[in-house]
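**Q** Once you've had a glance at the structure underneath, I'll fire off some questions.
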Amino acid sequence: VAKMIAPALPSEFSRTFRLDEIGRLSERTHIAANEAERAALARRFGYVSIDQLEANFTAAFEGETLIASGRLRATLAQPCIATAEPVPEMVDTPFVLRFLPKGRAGVAAAGSAEEMEIDAQEVDTITYSDDRIDMGEAVAETLALSVDPYPRSKDADSFLKQMGVLSEEQASPFAVLLSAATTKSNR
């Protein structure tokens, strides 16, 4: 279970909803980042670009916990971890978020293992204050958690080989043993 906390600075993609508006969020709600918001988020997360970022979601209370579920869609490019070339990526993923009042998140985490057990899917927990949630920031953080953490361009392997970096197979303990055995048998 990941715990997400709103940033100290205002979010680049802020879509706040008052808790007294949640009744209307029981119907599917759509949010989308504009060009300036996508560019600011790309800078924040270290992406080359974000060409699309949108989400559809519903939200409802379960006691004092607000559960938002929906689908995130994004088109972006990240720098390759080896060459820094842009690596295009499409994200299309469902999400479930649990919003708890600030100060209550620790109480939920301190509960018994039974209370924290989540059946089939993980649920990210986000705290809120001032009777408002920021779905834009929650979607932005969900995007950051959903992308490939190690984007590789099609040229990454040849670039790394040119730079003298060993592949996983070449660097494994078994490869070292095989190399030593081959060297010994060639003597």
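A note on labels: chains of the structure tokens are A, B, ... as shown, every chain counts residues from 1, and ligands are counted from 1 in their shown order.
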Tell me which protein, DNA and RNA residues are within 8 Å of A:Glu89, counting only C-alpha atoms, leaving out same-chain ones fewer than 2 positions away, and put them as an MDAnalysis selection string.

**A** chainID A and resid 75:78 87 91 147

**Q** Taking only stretch 5-112 of chain A into account, list the residues labelled strand (DSSP E or B) by DSSP (computed from the backbone), as an NGL selection string.

**A** :A and (16-18 or 29-32 or 49-62 or 65-79 or 86-101)

**Q** Which residue, A:Ala140, A:Tyr128, A:Thr58, A:Cys80, has the smallest gap to A:Glu37 when you use only C-alpha atoms?

**A**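 Ranking A:Ala140, A:Tyr128, A:Thr58, A:Cys80 by distance to A:Glu37, first place goes to A:Ala140.
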
**Q** Pick out the closest residue to A:Val48 from this set: A:Glu85, A:Glu141, A:Asp130, A:Asp148. Count only C-alpha atoms.

**A** A:Glu85

**Q** Which neighbours of A:Gly63 fall inside 12 Å, counting only C-alpha atoms, when residues of the same chain fewer than 5 positions from it are skipped, and could you give them as a list in words?

**A**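 After dropping sequence-adjacent residues, the list is Arg98, Phe99, Leu100 and Pro101 of chain A.
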
**Q** Rounded to one decimal in Å, what is the spacing between atom CA of A:Gly23 and atom CA of A:Phe61?

**A** 9.0 Å

**Q** So, counting only C-alpha atoms, which residue among A:Thr83, A:Ser26, A:Thr16, A:Thr93 is closest to A:Glu54?

**A**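 Among the listed residues, the smallest separation from A:Glu54 belongs to A:Thr93.
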